[in-house]
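Before any comments, here is the structure.
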Amino acid sequence: MVLVVVSSPKGGVGKTTLVANLAVALRRRGRQVTAVDFDSQNALRFLLAPHHEGDLGVARCTARGLPWSAALVSGVDGVRVAPYGEATTAERLRMKDLLVEEALSQALAGLARSPDEIVIADTTPGEGRMQERLEALADLKLIVLLADAGSMALVPTYRDGLMLRPISERPDTFGILNQVDPRRRLSRDIADFIATHAPERFIGVVHYDEALAESAARGEPVVGVAPGSVAALDIDTIAGRLDRLTAPGSH
């Protein structure tokens, strides 16, 4: 199993939409993919398994002592989805208490069908105990940032300024710059800054594209419904790099 953990320093950066699209793009490249939702908003299922109506997810499975495989559903293009699911406050808190690193590792391993299957985890924005435990187990970590002033203001401090460090210090961690709009000067300047000062640290850029927003609103991955759109091509490029980084023998 190859664990890819996707995080963001704040909400509203399009992280869940990217996770869903990357999962589908990797599946289309022939990889076995399971997407796991660790965000209590339970939004990943709307993009990957829109017709699923069950309430069982990883939170309730954990609280009840059930394997996470009990929550698995078949999603778009054969991506398997383990939704966060419906959960009471007590169940959410119990999940955080029970999933110490060893238990979390076992729960994730129970989802994998092969050594090279990609398990991609969508996390809660910000930092917390679950985020820390997931990142300790991750083979690759992706940090999603918007091409805006708010995200860039966090770069010097988030993960201790990780995005500005040499890639040799943390070769397992990469950024994704999302919603880059060449029509806006600030967005262009941010993209140029990243290209100049941290090109190896970023695995890719996703340009602003109405097709991405429209497909997300309909509960559909843009890589499936508009594969020729700018955003879909950007996401597929990132998926290609992830495919190579997670190929057998590379980790």
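We label chains A, B, ... in the order they appear in the structure tokens, count residues from 1 in each chain, and number ligands from 1 in the order shown.
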Taking only residues of range 16-99 of chain A that have an atom at most 10 Å from an atom of range 224-237 of chain A, what is each one's shortest atom pair and its distance in Å to one decimal, using only C-alpha atoms, in chain and number order, as CSV?
```
residue,atom,partner,partner_atom,distance
A:Leu18,CA,A:Ile235,CA,7.7
A:Val19,CA,A:Ile235,CA,9.9
A:Asn21,CA,A:Ile235,CA,7.1
A:Leu22,CA,A:Ile235,CA,6.4
A:Val24,CA,A:Gly224,CA,7.7
A:Ala25,CA,A:Asp236,CA,5.8
A:Leu26,CA,A:Asp236,CA,8.0
A:Arg28,CA,A:Gly224,CA,9.4
A:Arg29,CA,A:Asp236,CA,9.3
A:Val76,CA,A:Gly224,CA,8.8
A:Asp77,CA,A:Gly224,CA,8.5
```
With only C-alpha atoms counted and 9 Å as the cut-off, give the residues of range 92-178 of chain A in contact with range 58-72 of chain A, each with its shortest interatomic distance in Å and the pair that gives it, as CSV.
```
residue,atom,partner,partner_atom,distance
A:Arg92,CA,A:Ala59,CA,6.1
A:Leu93,CA,A:Ala63,CA,8.9
A:Arg94,CA,A:Ala63,CA,5.9
A:Met95,CA,A:Thr62,CA,5.7
A:Lys96,CA,A:Ala59,CA,8.9
A:Leu98,CA,A:Thr62,CA,7.5
A:Leu99,CA,A:Thr62,CA,8.0
A:Ala107,CA,A:Trp68,CA,6.4
A:Leu108,CA,A:Trp68,CA,7.8
A:Gly110,CA,A:Ser69,CA,7.0
A:Leu111,CA,A:Ser69,CA,6.0
```
**OP:** Using only C-alpha atoms, find the one residue out of A:Ala239, A:Val6, A:Val205, A:Glu200 that sits nearest to Arg170 in chain A.
**Re:** A:Glu200
**OP:** Going by DSSP on the backbone, which bits of range 41-224 of chain A are strand (DSSP E or B)? Write them as a ChimeraX atom specification, please.
**Re:** /A:73-74,80-82,118-122,140-146,173-180,202-207
Original post:
Interatomic distance between CA of Leu146 in chain A and CA of Ala20 in chain A?
Top reply: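 If I compute the distance from CA of Leu146 in chain A to CA of Ala20 in chain A, I get 17.2 Å.
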Subject >> Nearest to Gly78 in chain A by atom-to-atom distance, counting only C-alpha atoms, from A:Ala112, A:Phe46, A:Val33, A:Leu104 >> reply: A:Val33
**OP:** Considering only C-alpha atoms, state which residue in the set A:Leu145, A:Met1, A:Ala195, A:Leu154 is at the smallest distance from Ser105 in chain A.
**Re:** A:Met1
**OP:** Write out as a VMD selection string all residues of range 173-222 of chain A that backbone DSSP assigns to helix (DSSP H, G or I).
**Re:** chain A and resid 185 to 197 210 to 217 222
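Distance check against Arg218 in chain A using only C-alpha atoms: of A:Leu47, A:Arg27, A:Arg129, A:Gly85, the minimum falls on A:Leu47.
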Original post:
Counting only C-alpha atoms, what is within 8 Å of Thr123 in chain A, bar same-chain residues fewer than 2 positions away, as a PyMOL selection string?
Top reply: chain A and resi 5-7+37-39+121+125+131
